[in-house]
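Below is one structure; the comments refer to it alone.
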Amino acid sequence: MYTMTLEINQRCNLRCQYCYLGEKNGTKMSYETACKAIDRAFLYTKIHKDQTLWIDFIGGEPLLDFDMICKLVEYIYQKNAEVKYKLLFSLTTNATIFNEEILAFLLENEFAIKVSIDGDREVNNINRVDCSGDSVYDKILANLVYLKEFEQKSGRFVQVTNVITGNNYDKYYESLVYLTKELGFKIIDTAIDVSYAWSPEEITILMNGIRKSFDYFIEAAKKNQGFRWDFVDKVVNFKNKRKKFYTCGAGIISSYVRTEGGIYACPGNLSPSAEIGTVEDGLKKEKIDPLKQFDSIDNPECGACEISEHCTEQSCAMQNLAVMGDINKPIPVMCKLRKLIYEVYTQNEDCLLYTSPSPRDRG
């Protein structure tokens, strides 16, 4: 499978404090640039045995350019008429923009939906407010009816991403409970803000919150109220042998295209020096070859670690470069998280055969 993420705009109706795009420039991807990116995606999919192409629409807020998404999906279908790849579509939204037309389109084209929401009103309002600094929480709650209808009609659960950063980390457990128990979401992808300068004390509090959340997860599963949580997925799969050191393959089996047409390995590093190509000229061999050959890091501390062979944080090349300035230095908070995953795995091997939702999701 080849995955291409299209940053179709840098426009948003929110001003989230931790946005990975930083200060958005208000641009939108032109239809011509998007088509050239899609042409590249079709070309790169050709070499994959399963002949599957996944197009992910992201912003900014992509639904501000809903008409553009509709046009691009039509273009993708037209282009696919000859090669007949298996097509997957997904979209990430802040859930403040929704209506019957959008719902019908997402259902008809079998989209997967990812929604960004941090927790209850208080937690969400810390970082996720509109351009005037006002709460958008009521808009999100009002649009839950569309998300629940999507789940009912599609048979796929909506995935929620909540971001944990320096001003809400002490609410980790409460946020997970709220999103799953109160709002009823069944797939939670918790993202740690790696750009924040975590102190040792904050990391300790954060890790304790995750431990408490794991206990809640197990109890929910025992009561047949289970949900899927990315942290537990990592625990369950902890000892799976990785086929390659560079496990995610970003830049090789996936790419991220910016509004102006620059191609990047992933959104973990969007500095100009990390550009690996353009939609006009394709991928740069001198940028791709090092990723294909990335099979170790020069870090004695990592090499001596007892979980080194199971640690994917070592191989997170783009984020390590972006945050640490060195491909050989894993981000400290992610290192601590991987060690916590190991701790939870060793302490809970007997109860890891949990019952979790098995939706036809692609989130």
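By convention in this document, the chains of the structure tokens carry letters A, B, ... by their order, each chain's residues are numbered from 1, and ligands are numbered from 1 in the order they are shown.
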
(message) Show me, as a list in words, the residues that have an atom within 12 Å of Asn99 of chain A when counting only C-alpha atoms, minus same-chain residues fewer than 2 positions from it.
(response) Leu63, Phe66, Ala95, Thr96, Ile97, Glu101, Ile102, Leu103, Ala104, Phe105, Leu106, Lys139, Ala142, Asn143, Leu144, Val145, Tyr146, Leu147, Glu149 and Phe150 of chain A

(request) Mind listing the alpha helix (DSSP H) residues of segment 98-268 of chain A, per DSSP on the backbone, as a PyMOL selection string? (result) chain A and resi 100-108+121-127+137-154+172-177+200-222+230-236

(request) Fewer than 4 positions away in the same chain doesn't count, so skip those; otherwise give me all residues within 8 Å of Thr93 of chain A, counting only C-alpha atoms, as an MDAnalysis selection string. (result) chainID A and resid 58 61:63 113:116

(message) Could you pull out the strand (DSSP E) residues of segment 214-345 of chain A, going by DSSP on the backbone, and write them as a VMD selection string?
(response) chain A and resid 228 to 229 254 to 257 262 to 264 275 to 278 282 to 283

(request) Find the distance between atom CA of Pro332 of chain A and atom CA of Arg15 of chain A and write it in Å to one decimal. (result)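 Computing it gives 27.2 Å between the two atoms.
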
(message) I'd like to know which of A:Lys84, A:Asn167, A:Thr92, A:Leu43 is closest to Val123 of chain A, using only C-alpha atoms.
(response) A:Asn167

(request) Pick out the closest residue to Cys248 of chain A from this set: A:Arg156, A:Arg338, A:Lys285, A:Lys292. Count only C-alpha atoms. (result)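 Closest to Cys248 of chain A, using only C-alpha atoms: A:Lys292.
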
(request) Name the residues in contact with Pro272 of chain A at a cut-off of 9 Å, using only C-alpha atoms, excluding same-chain residues fewer than 3 positions from it; report them as a count of residues only. (result) 3

Would you mind listing what lies within 12 Å of Tyr75 of chain A as a JSON list (two decimals) with N, CA and C atoms, in the first residue's frame, with only C-alpha atoms counted and same-chain residues fewer than 4 positions away left out?
```json
[["chain", "number", "residue", "atom", "x", "y", "z"],
["A", 31, "TYR", "N", -5.75, 23.11, -7.55],
["A", 31, "TYR", "CA", -6.25, 21.86, -8.13],
["A", 31, "TYR", "C", -5.16, 21.22, -8.99],
["A", 32, "GLU", "N", -4.41, 22.03, -9.72],
["A", 32, "GLU", "CA", -3.36, 21.50, -10.59],
["A", 32, "GLU", "C", -2.26, 20.82, -9.77],
["A", 34, "ALA", "N", -2.56, 19.56, -6.75],
["A", 34, "ALA", "CA", -3.12, 18.36, -6.16],
["A", 34, "ALA", "C", -3.16, 17.22, -7.16],
["A", 35, "CYS", "N", -3.54, 17.51, -8.39],
["A", 35, "CYS", "CA", -3.61, 16.47, -9.43],
["A", 35, "CYS", "C", -2.22, 15.91, -9.73],
["A", 36, "LYS", "N", -1.22, 16.79, -9.74],
["A", 36, "LYS", "CA", 0.14, 16.32, -9.98],
["A", 36, "LYS", "C", 0.60, 15.43, -8.83],
["A", 37, "ALA", "N", 0.22, 15.78, -7.61],
["A", 37, "ALA", "CA", 0.56, 14.93, -6.46],
["A", 37, "ALA", "C", -0.11, 13.57, -6.59],
["A", 38, "ILE", "N", -1.37, 13.58, -6.97],
["A", 38, "ILE", "CA", -2.11, 12.33, -7.14],
["A", 38, "ILE", "C", -1.50, 11.48, -8.25],
["A", 39, "ASP", "N", -1.08, 12.13, -9.32],
["A", 39, "ASP", "CA", -0.40, 11.41, -10.40],
["A", 39, "ASP", "C", 0.84, 10.70, -9.86],
["A", 42, "PHE", "N", -0.17, 7.61, -7.83],
["A", 42, "PHE", "CA", -0.50, 6.47, -8.69],
["A", 42, "PHE", "C", 0.77, 5.81, -9.22],
["A", 68, "MET", "N", -13.18, 21.28, -3.11],
["A", 68, "MET", "CA", -11.91, 20.81, -3.65],
["A", 68, "MET", "C", -11.75, 19.30, -3.43],
["A", 69, "ILE", "N", -12.08, 18.85, -2.25],
["A", 69, "ILE", "CA", -11.98, 17.42, -1.95],
["A", 69, "ILE", "C", -12.87, 16.63, -2.88],
["A", 70, "CYS", "N", -14.08, 17.12, -3.11],
["A", 70, "CYS", "CA", -15.01, 16.44, -4.02],
["A", 70, "CYS", "C", -14.42, 16.33, -5.43],
["A", 71, "LYS", "N", -13.84, 17.41, -5.91],
["A", 71, "LYS", "CA", -13.23, 17.41, -7.25],
["A", 71, "LYS", "C", -12.06, 16.44, -7.32],
["A", 79, "LYS", "N", -8.88, 8.61, -12.84],
["A", 79, "LYS", "CA", -7.52, 8.11, -13.08],
["A", 79, "LYS", "C", -7.42, 6.62, -12.78],
["A", 80, "ASN", "N", -8.21, 6.17, -11.84],
["A", 80, "ASN", "CA", -8.16, 4.76, -11.43],
["A", 80, "ASN", "C", -8.93, 3.83, -12.37],
["A", 81, "ALA", "N", -9.68, 4.41, -13.29],
["A", 81, "ALA", "CA", -10.51, 3.59, -14.18],
["A", 81, "ALA", "C", -9.69, 2.56, -14.95]]
```

(message) Between A:Tyr2, A:Phe157, A:Tyr77, A:Tyr18, which residue has the minimum interatomic distance to His48 of chain A, considering only C-alpha atoms?
(response)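 For His48 of chain A, the nearest of the given residues is A:Tyr2.
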
(message) With distances taken over only C-alpha atoms, which residue among A:Ala197, A:Ile188, A:Leu337, A:Ala265 lies nearest Gly277 of chain A?
(response)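 Nearest candidate to Gly277 of chain A out of A:Ala197, A:Ile188, A:Leu337, A:Ala265: A:Ala265.
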
(message) What's the separation between atom CA of Leu183 of chain A and atom CA of Ile164 of chain A, in Å to one decimal place?
(response)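 These atoms are spaced 18.3 Å apart.
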